[in-house]
>>> print(open('model05.tsv').read())   # TSV, C-alpha atoms
chain	number	residue	atom	x	y	z
S	1	MET	CA	16.08	16.30	-6.30
S	2	GLY	CA	15.42	13.29	-8.60
S	3	PRO	CA	12.19	12.44	-10.37
S	4	SER	CA	10.85	10.69	-7.27
S	5	ALA	CA	10.97	12.09	-3.76
S	6	LEU	CA	9.40	11.98	-0.34
S	7	HIS	CA	8.49	15.33	1.19
S	8	VAL	CA	8.54	15.33	5.00
S	9	GLU	CA	6.82	18.08	6.97
S	10	GLU	CA	6.02	18.47	10.65
S	11	ARG	CA	2.72	20.21	11.43
S	12	ASP	CA	2.49	20.54	15.19
S	13	GLU	CA	2.45	16.89	16.32
S	14	VAL	CA	1.57	15.43	12.91
S	15	LEU	CA	4.27	14.11	10.57
S	16	VAL	CA	3.06	14.64	6.98
S	17	LEU	CA	4.70	12.34	4.41
S	18	THR	CA	4.00	13.19	0.77
S	19	LEU	CA	4.92	10.82	-2.06
S	20	SER	CA	6.18	12.75	-5.08
S	21	ASN	CA	6.72	11.20	-8.50
S	22	PRO	CA	4.22	13.18	-10.57
S	23	ALA	CA	5.36	11.87	-13.95
S	24	ARG	CA	4.44	8.33	-12.82
S	25	ARG	CA	1.41	9.21	-10.66
S	26	ASN	CA	3.59	8.75	-7.57
S	27	ALA	CA	4.71	5.21	-8.43
S	28	LEU	CA	7.22	3.89	-5.90
S	29	ASP	CA	10.83	3.06	-6.68
S	30	ASP	CA	13.54	1.60	-4.44
S	31	GLU	CA	14.92	5.00	-3.41
S	32	GLN	CA	11.51	6.30	-2.44
S	33	VAL	CA	10.74	3.13	-0.46
S	34	ALA	CA	14.03	3.55	1.43
S	35	ARG	CA	13.20	7.19	2.22
S	36	LEU	CA	9.72	6.28	3.40
S	37	ASP	CA	11.07	3.49	5.58
S	38	GLU	CA	13.61	5.87	7.11
S	39	ALA	CA	10.94	8.51	7.79
S	40	LEU	CA	8.67	5.95	9.44
S	41	ALA	CA	11.53	4.64	11.59
S	42	SER	CA	12.17	8.14	12.95
S	43	ALA	CA	8.48	9.10	13.29
S	44	PRO	CA	7.97	8.03	16.96
S	45	GLY	CA	10.56	10.55	18.09
S	46	ARG	CA	9.18	13.37	15.96
S	47	ALA	CA	5.38	13.25	16.13
S	48	ARG	CA	2.29	11.64	17.62
S	49	ALA	CA	0.47	10.86	14.35
S	50	VAL	CA	1.39	10.30	10.69
S	51	LEU	CA	-0.43	11.53	7.59
S	52	LEU	CA	0.50	9.77	4.34
S	53	GLN	CA	-0.55	11.34	1.05
S	54	GLY	CA	0.42	11.70	-2.60
S	55	GLU	CA	1.24	14.72	-4.72
S	56	ALA	CA	-0.38	16.06	-7.89
S	57	GLY	CA	-3.72	14.30	-7.95
S	58	ALA	CA	-2.74	10.71	-7.14
S	59	PHE	CA	-2.05	8.76	-3.97
S	60	CYS	CA	0.27	6.09	-5.41
S	61	SER	CA	-0.13	4.21	-8.70
S	62	GLY	CA	1.87	1.21	-7.49
S	63	TYR	CA	5.43	-0.10	-7.58
S	64	ASP	CA	7.66	0.65	-10.57
S	65	LEU	CA	7.04	-2.33	-12.88
S	66	ASN	CA	10.61	-2.23	-14.17
S	67	LEU	CA	11.77	-3.23	-10.68
S	68	LEU	CA	9.48	-6.27	-10.38
S	69	SER	CA	11.86	-8.68	-12.06
S	70	ALA	CA	15.00	-10.77	-11.50
S	71	PRO	CA	14.04	-12.57	-8.27
S	72	SER	CA	16.50	-14.87	-6.55
S	73	ALA	CA	16.26	-17.48	-3.84
S	74	ASP	CA	17.40	-14.91	-1.29
S	75	ARG	CA	15.61	-11.78	-2.51
S	76	LEU	CA	12.25	-11.03	-4.06
S	77	PRO	CA	11.85	-7.76	-6.00
S	78	ASP	CA	9.45	-6.29	-3.44
S	79	ASP	CA	11.19	-7.40	-0.24
S	80	ALA	CA	12.15	-3.84	0.78
S	81	LEU	CA	8.61	-2.63	0.10
S	82	MET	CA	7.14	-5.40	2.26
S	83	VAL	CA	9.46	-4.45	5.14
S	84	CYS	CA	8.39	-0.80	4.79
S	85	LEU	CA	4.70	-1.76	4.79
S	86	GLU	CA	5.16	-3.88	7.89
S	87	ARG	CA	6.91	-0.96	9.61
S	88	LEU	CA	3.99	1.32	8.72
S	89	GLU	CA	1.47	-1.20	10.03
S	90	ALA	CA	3.42	-1.79	13.26
S	91	LEU	CA	4.06	1.92	13.87
S	92	PRO	CA	3.23	2.83	17.51
S	93	LEU	CA	1.76	6.08	16.21
S	94	PRO	CA	-1.70	6.25	14.60
S	95	SER	CA	-1.57	6.74	10.83
S	96	VAL	CA	-4.02	8.20	8.31
S	97	ALA	CA	-3.89	7.77	4.53
S	98	LEU	CA	-5.33	10.64	2.51
S	99	VAL	CA	-6.35	8.98	-0.76
S	100	ARG	CA	-6.85	11.32	-3.69
S	101	GLY	CA	-6.81	9.69	-7.12
S	102	ALA	CA	-5.19	6.32	-7.84
S	103	ALA	CA	-4.28	3.85	-5.09
S	104	PHE	CA	-3.16	0.87	-7.18
S	105	GLY	CA	-1.07	-2.14	-6.19
S	106	ALA	CA	1.51	-0.95	-3.67
S	107	GLY	CA	-0.55	2.23	-3.27
S	108	PHE	CA	-3.56	0.14	-2.28
S	109	ASP	CA	-1.36	-1.69	0.24
S	110	LEU	CA	0.12	1.54	1.61
S	111	ALA	CA	-3.39	2.81	2.33
S	112	ALA	CA	-4.42	-0.54	3.82
S	113	ALA	CA	-1.40	-0.53	6.16
S	114	CYS	CA	-2.53	2.77	7.68
S	115	ASP	CA	-4.97	2.80	10.59
S	116	PHE	CA	-7.49	5.05	8.82
S	117	ARG	CA	-8.24	6.01	5.23
S	118	VAL	CA	-9.88	9.31	4.26
S	119	GLY	CA	-10.67	9.64	0.56
S	120	GLY	CA	-11.65	12.29	-1.91
S	121	GLU	CA	-14.44	11.66	-4.39
S	122	ASP	CA	-11.73	11.00	-6.98
S	123	ALA	CA	-10.23	8.06	-5.03
S	124	LEU	CA	-9.77	4.91	-7.09
S	125	PHE	CA	-8.55	1.53	-5.78
S	126	SER	CA	-7.20	-1.46	-7.71
S	127	MET	CA	-5.10	-4.56	-7.05
S	128	PRO	CA	-3.67	-5.87	-10.37
S	129	PRO	CA	-1.28	-8.76	-9.49
S	130	ALA	CA	-3.31	-11.35	-11.45
S	131	ARG	CA	-3.07	-9.11	-14.53
S	132	LEU	CA	0.68	-8.85	-14.03
S	133	GLY	CA	1.29	-12.56	-13.49
S	134	ILE	CA	2.57	-12.23	-9.93
S	135	VAL	CA	1.52	-13.56	-6.52
S	136	TYR	CA	1.00	-10.83	-3.94
S	137	SER	CA	2.52	-11.07	-0.47
S	138	PRO	CA	0.61	-12.94	2.28
S	139	ALA	CA	0.89	-9.82	4.48
S	140	GLY	CA	-0.77	-7.69	1.81
S	141	LEU	CA	-3.52	-10.26	1.26
S	142	THR	CA	-4.10	-10.33	5.01
S	143	ARG	CA	-4.47	-6.55	5.18
S	144	ALA	CA	-7.09	-6.64	2.43
S	145	VAL	CA	-9.00	-9.49	4.09
S	146	ARG	CA	-9.11	-7.58	7.38
S	147	LEU	CA	-10.63	-4.58	5.63
S	148	VAL	CA	-13.15	-6.12	3.24
S	149	GLY	CA	-13.43	-9.84	4.10
S	150	VAL	CA	-12.26	-12.91	2.19
S	151	ALA	CA	-14.87	-12.90	-0.60
S	152	ARG	CA	-14.35	-9.26	-1.54
S	153	ALA	CA	-10.56	-9.52	-1.21
S	154	LYS	CA	-10.61	-12.45	-3.65
S	155	HIS	CA	-12.74	-10.39	-6.01
S	156	LEU	CA	-10.31	-7.47	-5.91
S	157	PHE	CA	-7.12	-9.51	-6.29
S	158	LEU	CA	-8.35	-12.09	-8.81
S	159	THR	CA	-10.22	-9.75	-11.16
S	160	GLY	CA	-8.11	-6.61	-10.85
S	161	ARG	CA	-11.25	-4.47	-11.12
S	162	ARG	CA	-11.21	-0.85	-10.01
S	163	LEU	CA	-13.33	0.49	-7.17
S	164	ASP	CA	-14.37	4.13	-7.20
S	165	ALA	CA	-14.67	6.15	-4.00
S	166	ARG	CA	-18.35	5.34	-3.49
S	167	GLU	CA	-17.74	1.58	-3.73
S	168	ALA	CA	-14.59	1.80	-1.62
S	169	LEU	CA	-16.58	3.49	1.15
S	170	ALA	CA	-19.33	0.86	0.96
S	171	TRP	CA	-16.80	-1.98	1.01
S	172	GLY	CA	-14.85	-0.58	3.97
S	173	LEU	CA	-11.67	0.41	2.13
S	174	LEU	CA	-12.40	4.03	2.99
S	175	ASP	CA	-13.52	5.19	6.41
S	176	GLU	CA	-14.71	8.54	5.10
S	177	CYS	CA	-15.20	10.10	1.67
S	178	LEU	CA	-15.48	13.85	1.14
S	179	ALA	CA	-15.51	16.28	-1.76
S	180	GLY	CA	-12.45	18.19	-2.92
S	181	ASP	CA	-10.35	19.94	-0.32
S	182	GLU	CA	-12.71	18.77	2.44
S	183	ALA	CA	-10.93	15.41	2.39
S	184	ASP	CA	-7.55	17.10	2.92
S	185	ALA	CA	-8.86	19.11	5.86
S	186	ARG	CA	-10.62	16.10	7.40
S	187	ALA	CA	-7.52	13.88	7.19
S	188	LEU	CA	-5.41	16.47	9.00
S	189	GLU	CA	-8.17	17.05	11.55
S	190	LEU	CA	-8.33	13.31	12.25
S	191	CYS	CA	-4.55	13.17	12.68
S	192	ARG	CA	-4.67	16.01	15.20
S	193	THR	CA	-7.46	14.26	17.13
S	194	LEU	CA	-5.39	11.06	17.24
S	195	ALA	CA	-2.26	12.98	18.26
S	196	ALA	CA	-4.12	14.38	21.27
S	197	GLN	CA	-4.72	10.92	22.77
S	198	ALA	CA	-2.47	9.23	25.35
S	199	PRO	CA	0.58	7.94	23.39
S	200	LEU	CA	1.18	4.84	25.51
S	201	ALA	CA	-2.49	3.84	25.35
S	202	VAL	CA	-2.59	4.29	21.57
S	203	ALA	CA	0.63	2.34	21.06
S	204	GLY	CA	-0.50	-0.48	23.35
S	205	MET	CA	-3.91	-0.87	21.73
S	206	LYS	CA	-2.42	-0.72	18.23
S	207	ASP	CA	-0.05	-3.55	19.17
S	208	ALA	CA	-2.91	-5.57	20.66
S	209	PHE	CA	-5.06	-5.14	17.54
S	210	ARG	CA	-2.14	-6.21	15.35
S	211	LEU	CA	-1.45	-9.34	17.40
S	212	LEU	CA	-5.13	-10.29	17.49
S	213	THR	CA	-5.47	-10.14	13.71
S	214	ARG	CA	-2.08	-11.54	12.64
S	215	PRO	CA	-2.25	-14.86	10.72
S	216	ALA	CA	-0.50	-17.81	12.37
S	217	LEU	CA	1.57	-19.32	9.53
S	218	SER	CA	4.12	-22.01	10.25
S	219	GLU	CA	7.71	-21.62	9.08
S	220	GLU	CA	7.08	-24.30	6.45
S	221	GLU	CA	3.98	-22.50	5.14
S	222	THR	CA	5.80	-19.17	5.02
S	223	SER	CA	8.68	-20.74	3.10
S	224	ARG	CA	6.32	-22.45	0.64
S	225	LEU	CA	4.45	-19.22	-0.09
S	226	ARG	CA	7.75	-17.41	-0.66
S	227	GLU	CA	8.79	-20.07	-3.19
S	228	VAL	CA	5.44	-19.69	-4.96
S	229	ARG	CA	5.95	-15.93	-5.19
S	230	ALA	CA	9.53	-16.34	-6.48
S	231	ARG	CA	8.37	-18.69	-9.26
S	232	ALA	CA	5.63	-16.27	-10.28
S	233	PHE	CA	8.00	-13.28	-10.40
S	234	ALA	CA	10.38	-15.28	-12.65
S	235	SER	CA	7.68	-16.66	-14.96
S	236	GLU	CA	7.08	-15.89	-18.63
S	237	ASP	CA	3.58	-14.76	-17.66
S	238	ALA	CA	5.01	-12.10	-15.33
S	239	ARG	CA	7.21	-10.76	-18.12
S	240	GLU	CA	4.22	-10.72	-20.46
S	241	GLY	CA	2.03	-9.04	-17.85
S	242	ARG	CA	4.52	-6.22	-17.33
S	243	ALA	CA	5.03	-5.76	-21.06
S	244	ALA	CA	1.29	-5.70	-21.76
S	245	PHE	CA	0.68	-3.16	-19.00
S	246	LEU	CA	3.40	-0.84	-20.27
S	247	GLU	CA	2.24	-1.25	-23.87
S	248	LYS	CA	-1.42	-0.74	-22.88
S	249	ARG	CA	-2.65	-3.97	-24.47
S	250	PRO	CA	-4.36	-7.13	-23.20
S	251	PRO	CA	-1.84	-9.71	-21.90
S	252	ARG	CA	-1.47	-13.10	-23.60
S	253	PHE	CA	-0.81	-15.51	-20.75
S	254	ARG	CA	0.38	-19.07	-21.38
S	255	GLY	CA	0.62	-20.43	-17.84
S	256	GLN	CA	4.41	-20.63	-17.99
>>> encode(input="model05.tsv", output="structure tokens")
Amino acid sequence: MGPSALHVEERDEVLVLTLSNPARRNALDDEQVARLDEALASAPGRARAVLLQGEAGAFCSGYDLNLLSAPSADRLPDDALMVCLERLEALPLPSVALVRGAAFGAGFDLAAACDFRVGGEDALFSMPPARLGIVYSPAGLTRAVRLVGVARAKHLFLTGRRLDAREALAWGLLDECLAGDEADARALELCRTLAAQAPLAVAGMKDAFRLLTRPALSEEETSRLREVRARAFASEDAREGRAAFLEKRPPRFRGQ
């Protein structure tokens, strides 16, 4: 097994998906995204609820920065991740994120794409695209707005500040926050409660909620936002943002 993996376990009617990349605090790479997408695609035939968690004291520290480069007109670096997140959000099964430790960037979005979020007291949320010189996906921005509102979503995405578990609960990023192993037990208990409900009713109401809250962007608007994201990914500022993050120093942005 390589440095990153996805552990898949079936506990009664709950499919437990555990992100494993302990050396990088469970940062996602392309292989792990593909495995997660495959597991989610097969979930409706295997279980009635999904529990998503991270290994070794972190939920997910984000997407591997080395992969967020070299965009083209046809492909953005995070296209596969965005498809996976949309699959998670549109899953006919109820999903619960168990957030212990860091949920940064893509990890934040993974938690937001789940139906419920149970956190430990060590949970920590952050959205750093402005510090990395990139423009986050409209779908990800929409998920954040649904959870915390426009003003707070702007605050999170434009400042990159970190929210601890107490603030995340107050802001609505977490549904529940418990100490230590109590969070683990509560997340599994919630999954089992959800799995006991009528599957067709759950799937139908999930679809209705998704349609009611989906933004209505025109094809022209969608294309324009994609071009904006492609330019940001290819910019000098994005290269500087990644380098500064990896070198643990303040970035020196030039607006180019």
>>> residues_near_point(input="model05.tsv", point="(-15.2, 9.1, -0.8)", cutoff="12 Å", atoms="all atoms listed in the file", output="ChimeraX atom specification")
/S:98-101,117-125,163-184,186
>>> closest_residue(input="model05.tsv", among="S:Gly45, S:Pro129, S:Pro92, S:Gly54", to="Leu6 of chain S", atoms="all atoms listed in the file")
S:Gly54
>>> closest_residue(input="model05.tsv", among="S:Ala97, S:Asp30, S:Glu89, S:Gly57", to="Leu188 of chain S", atoms="all atoms listed in the file")
S:Ala97
>>> closest_residue(input="model05.tsv", among="S:Pro94, S:Pro77, S:Gly105, S:Pro22", to="Val50 of chain S", atoms="only C-alpha atoms")
S:Pro94
>>> residues_near_point(input="model05.tsv", point="(8.0, 1.7, -9.3)", cutoff="7 Å", atoms="all atoms listed in the file", output="CSV table (one decimal) with C-alpha atoms, in the coordinates of the input")
chain,number,residue,atom,x,y,z
S,27,ALA,CA,4.7,5.2,-8.4
S,28,LEU,CA,7.2,3.9,-5.9
S,29,ASP,CA,10.8,3.1,-6.7
S,62,GLY,CA,1.9,1.2,-7.5
S,63,TYR,CA,5.4,-0.1,-7.6
S,64,ASP,CA,7.7,0.6,-10.6
S,65,LEU,CA,7.0,-2.3,-12.9
S,66,ASN,CA,10.6,-2.2,-14.2
S,67,LEU,CA,11.8,-3.2,-10.7
